[in-house]
Amino acid sequence: MGSVRCLRCVSCQTEYDPREIDYTCPTCGPRRGTLEVIYDEAALRRTIRRETFAATGRASMWRYETLLPIDSMRFVQPLRVGWTPLYSFPALAQRLNLAALYVKDDGQNPTASYKDRASSLVVIKAQERERHTVTCASTGNAASSLAGFAAAAGLPAVIFVPERAPEAKVAQLLVYGAKVFSVLGSYDDAYDLASEAADRFGWYNRSAALNPYLVEGKKTGAYEIAEQLGWQPPDLVFIGVGDGSVVSGLCKGFEEFARLGLIDRVPRVVGVQAEGSSPIAAAFARYRGSTVEFEDVEAATVADSICVGKPRDVVKAVTYVARNGGEFVSVSDNEILEAILTLARSTGVFAEPAGAAAYAGLVQLAKGGTLAGKTAAVVVSGNGLKDTAATRQRVGAPIRIEPHVKEIERYL
Ligand SMILES: *Cc1c(COP(=O)(O)O)cnc(C)c1O
Ligand SMILES: [Zn+2]
């Protein structure tokens, strides 16, 4: 399987043969025992150069094939995933007293979120393992993304959503042809049901954090930021955090590039949580370098994609960000909604609330004065068209007029 050496438990460090295990460490269980994909880095160091990726000619995350856990390119879908634009906005940077500000627009992925990086990879793993149906529980983007990539691969998808999932995302699922179960209960009920059904019916499970290959897809955003900036990554990278997998992926990606000698220094990764849903930020504040202690909460925030009270990758997120030298911050719903408007109006990039949370985190730290003269990248992890209800309340209504030019003059 490419250069994969083993799967290793993030808590007890036991190593497993990837052919013998699908999901989590049997000793530590699904919550603490998420697995990391470990590569034969000595061999990779001998063969990989900065030029290796561009030489593939692929403008997608599959330019990093040699650092991803697939057997071959055989099952890679035709959809273009990753290699999303990284824009520079000097005027906005100046307003925040930064030397440079970059926006990575992952809303431009096929199903319009960062989750596509993980779904593409997991659907391939399902096919390599001859699993003929894929499943997951999700409140939104993970599900719509899996449904889209399963459709591209010709695999059936069975999706479990909690009763209260956002309308646009449920529409995406049904349009992609997934079988969708709306579970009369919480996201946690749906999550447990998906796991049980996957075991019972032999489906391949993409639910958050459970599947070790998700973080591998998610690390490619870090690779891209480094390569797109000419191997000079910014001082800081900001990302919205729910279950904690994307932030872990970004840390892992930068770390791997540094160990392979492709970059000289690793950016500080800042995970941004919503105030009403910040159990990982709380666990990080308590963390003293040994066991990660965490407490689940009753989550509530306008940012549905990061509304997670029982984060599934909390151990990985806390240990990776601590090792990275990064941190977690929390922002209010008000700051998130403001961030959507500022971003849209000063960059033209329309983010969904969880995507704009990253920018809100940057603004919060910039106001504190600690970022003066630094360079920063913000990952917009989802497109604003996925969830317009929250922002719509902020922007008022259009001006109603009769179709006469005189009417326009009254309002100029
Ligand atoms: C899933 C998601 C996140 C957070 O990813 P986690 O791995 O759950 O922390 C952020 N933004 C968007 C748009 C997402 O869909
Ligand atoms: Zn373990």
# chains A, B, ... in the order shown; residues from 1 in each chain; ligands from 1
>>> residues_around(residues="Ala99 (chain A)", least_positions_apart="6", cutoff="6 Å", atoms="only C-alpha atoms", output="ChimeraX atom specification")
/A:373-375
>>> write_last_selection(atoms="N, CA, C and O atoms", output="PDB file, in the first residue's frame")
ATOM      1  N   GLY A 373       3.241  41.976  11.680  1.00  0.00           N
ATOM      2  CA  GLY A 373       4.350  41.635  10.788  1.00  0.00           C
ATOM      3  C   GLY A 373       4.434  40.184  10.367  1.00  0.00           C
ATOM      4  O   GLY A 373       5.334  39.777   9.643  1.00  0.00           O
ATOM      5  N   LYS A 374       3.483  39.363  10.826  1.00  0.00           N
ATOM      6  CA  LYS A 374       3.519  37.934  10.494  1.00  0.00           C
ATOM      7  C   LYS A 374       2.791  37.651   9.176  1.00  0.00           C
ATOM      8  O   LYS A 374       2.021  38.474   8.675  1.00  0.00           O
ATOM      9  N   THR A 375       3.006  36.447   8.651  1.00  0.00           N
ATOM     10  CA  THR A 375       2.242  35.986   7.496  1.00  0.00           C
ATOM     11  C   THR A 375       1.289  34.887   7.960  1.00  0.00           C
ATOM     12  O   THR A 375       1.638  34.074   8.811  1.00  0.00           O
TER      13      THR A 375
END
>>> residues_around(residues="Asp192 (chain A)", least_positions_apart="3", cutoff="12 Å", atoms="only C-alpha atoms", output="MDAnalysis selection string")
chainID A and resid 30 136:138 160:162 183 185:189 195:199 205 207:208 210 312
>>> write_last_selection(atoms="N, CA and C atoms", output="PDB file, in the first residue's frame")
ATOM      1  N   PRO A  30     -12.815   3.258  20.345  1.00  0.00           N
ATOM      2  CA  PRO A  30     -12.986   4.219  19.258  1.00  0.00           C
ATOM      3  C   PRO A  30     -12.711   5.672  19.638  1.00  0.00           C
ATOM      4  N   CYS A 136     -21.766   6.600   6.335  1.00  0.00           N
ATOM      5  CA  CYS A 136     -21.288   7.449   7.420  1.00  0.00           C
ATOM      6  C   CYS A 136     -22.466   8.133   8.093  1.00  0.00           C
ATOM      7  N   ALA A 137     -22.200   8.618   9.291  1.00  0.00           N
ATOM      8  CA  ALA A 137     -23.152   9.493   9.968  1.00  0.00           C
ATOM      9  C   ALA A 137     -22.535  10.866   9.949  1.00  0.00           C
ATOM     10  N   SER A 138     -23.337  11.885   9.691  1.00  0.00           N
ATOM     11  CA  SER A 138     -22.797  13.239   9.634  1.00  0.00           C
ATOM     12  C   SER A 138     -23.927  14.238   9.705  1.00  0.00           C
ATOM     13  N   PHE A 160     -26.547   8.342   7.409  1.00  0.00           N
ATOM     14  CA  PHE A 160     -27.383   8.562   8.589  1.00  0.00           C
ATOM     15  C   PHE A 160     -27.237  10.016   9.028  1.00  0.00           C
ATOM     16  N   VAL A 161     -28.329  10.752   9.000  1.00  0.00           N
ATOM     17  CA  VAL A 161     -28.281  12.143   9.459  1.00  0.00           C
ATOM     18  C   VAL A 161     -29.203  12.303  10.664  1.00  0.00           C
ATOM     19  N   PRO A 162     -28.816  13.202  11.583  1.00  0.00           N
ATOM     20  CA  PRO A 162     -29.726  13.495  12.686  1.00  0.00           C
ATOM     21  C   PRO A 162     -30.923  14.272  12.143  1.00  0.00           C
ATOM     22  N   VAL A 183     -32.342   9.986  11.331  1.00  0.00           N
ATOM     23  CA  VAL A 183     -32.460   9.255  12.587  1.00  0.00           C
ATOM     24  C   VAL A 183     -33.162  10.114  13.641  1.00  0.00           C
ATOM     25  N   GLY A 185     -33.169  11.236  16.592  1.00  0.00           N
ATOM     26  CA  GLY A 185     -32.250  11.311  17.727  1.00  0.00           C
ATOM     27  C   GLY A 185     -31.163  12.303  17.399  1.00  0.00           C
ATOM     28  N   SER A 186     -30.079  12.262  18.188  1.00  0.00           N
ATOM     29  CA  SER A 186     -28.989  13.224  18.027  1.00  0.00           C
ATOM     30  C   SER A 186     -27.988  12.718  16.994  1.00  0.00           C
ATOM     31  N   TYR A 187     -26.977  13.557  16.700  1.00  0.00           N
ATOM     32  CA  TYR A 187     -25.850  13.144  15.853  1.00  0.00           C
ATOM     33  C   TYR A 187     -25.156  11.928  16.468  1.00  0.00           C
ATOM     34  N   ASP A 188     -25.022  11.906  17.798  1.00  0.00           N
ATOM     35  CA  ASP A 188     -24.360  10.768  18.445  1.00  0.00           C
ATOM     36  C   ASP A 188     -25.131   9.465  18.242  1.00  0.00           C
ATOM     37  N   ASP A 189     -26.463   9.554  18.286  1.00  0.00           N
ATOM     38  CA  ASP A 189     -27.278   8.360  18.015  1.00  0.00           C
ATOM     39  C   ASP A 189     -27.034   7.878  16.582  1.00  0.00           C
ATOM     40  N   SER A 195     -22.152   2.923  12.841  1.00  0.00           N
ATOM     41  CA  SER A 195     -21.108   1.937  13.177  1.00  0.00           C
ATOM     42  C   SER A 195     -21.699   0.531  13.274  1.00  0.00           C
ATOM     43  N   GLU A 196     -22.837   0.448  13.934  1.00  0.00           N
ATOM     44  CA  GLU A 196     -23.480  -0.855  14.113  1.00  0.00           C
ATOM     45  C   GLU A 196     -23.907  -1.432  12.758  1.00  0.00           C
ATOM     46  N   ALA A 197     -24.477  -0.578  11.912  1.00  0.00           N
ATOM     47  CA  ALA A 197     -24.925  -1.026  10.593  1.00  0.00           C
ATOM     48  C   ALA A 197     -23.744  -1.438   9.725  1.00  0.00           C
ATOM     49  N   ALA A 198     -22.638  -0.687   9.816  1.00  0.00           N
ATOM     50  CA  ALA A 198     -21.450  -1.020   9.033  1.00  0.00           C
ATOM     51  C   ALA A 198     -20.943  -2.410   9.411  1.00  0.00           C
ATOM     52  N   ASP A 199     -20.908  -2.697  10.723  1.00  0.00           N
ATOM     53  CA  ASP A 199     -20.471  -4.028  11.189  1.00  0.00           C
ATOM     54  C   ASP A 199     -21.428  -5.111  10.698  1.00  0.00           C
ATOM     55  N   ASN A 205     -16.976   2.276   6.556  1.00  0.00           N
ATOM     56  CA  ASN A 205     -17.470   3.405   7.352  1.00  0.00           C
ATOM     57  C   ASN A 205     -16.546   4.626   7.275  1.00  0.00           C
ATOM     58  N   SER A 207     -17.386   7.531   8.933  1.00  0.00           N
ATOM     59  CA  SER A 207     -17.751   8.453  10.014  1.00  0.00           C
ATOM     60  C   SER A 207     -16.505   9.110  10.612  1.00  0.00           C
ATOM     61  N   ALA A 208     -16.670  10.340  11.085  1.00  0.00           N
ATOM     62  CA  ALA A 208     -15.564  11.170  11.544  1.00  0.00           C
ATOM     63  C   ALA A 208     -14.596  10.427  12.456  1.00  0.00           C
ATOM     64  N   LEU A 210     -13.072   7.865  12.896  1.00  0.00           N
ATOM     65  CA  LEU A 210     -13.018   6.417  13.021  1.00  0.00           C
ATOM     66  C   LEU A 210     -12.066   5.810  11.992  1.00  0.00           C
ATOM     67  N   ARG A 312     -14.614  13.467  18.087  1.00  0.00           N
ATOM     68  CA  ARG A 312     -14.120  12.092  17.924  1.00  0.00           C
ATOM     69  C   ARG A 312     -12.616  12.017  17.738  1.00  0.00           C
TER      70      ARG A 312
END
>>> atom_distance(atom1="atom 15 (O, counted along the ligand's line) of ligand 1", atom2="CA of Ser381 (chain A)")
6.3 Å
>>> residues_near_ligand(ligand="ligand 2", cutoff="8 Å", atoms="only C-alpha atoms and all ligand atoms", output="list of chain:residue names")
A:Arg8, A:Cys9, A:Val10, A:Ser11, A:Cys12, A:Gln13, A:Thr14, A:Thr24, A:Cys25, A:Pro26, A:Thr27, A:Cys28, A:Gly29, A:Arg32, A:Gly33, A:Thr34
>>> residues_near_ligand(ligand="ligand 1", cutoff="8 Å", atoms="only C-alpha atoms and all ligand atoms", output="ChimeraX atom specification")
/A:113-115,140-142,208-209,239-248,305-306,308,311,313,352-355,380-383
>>> residues_around(residues="Arg259 (chain A)", least_positions_apart="5", cutoff="12 Å", atoms="only C-alpha atoms", output="PyMOL selection string")
chain A and resi 39-42+44-46+48+252-254+264-266
>>> select_by_dssp(residues="region 104-317 of chain A", states="alpha helix (DSSP H)", output="ChimeraX atom specification")
/A:116-128,141-153,167-175,187-201,214-218,220-228,245-259,279-286,314-317
>>> select_by_dssp(residues="region 96-295 of chain A", states="strand (DSSP E or B)", output="PyMOL selection string")
chain A and resi 100-105+113+134-137+157-162+179-183+204-205+236-240+268-274+277
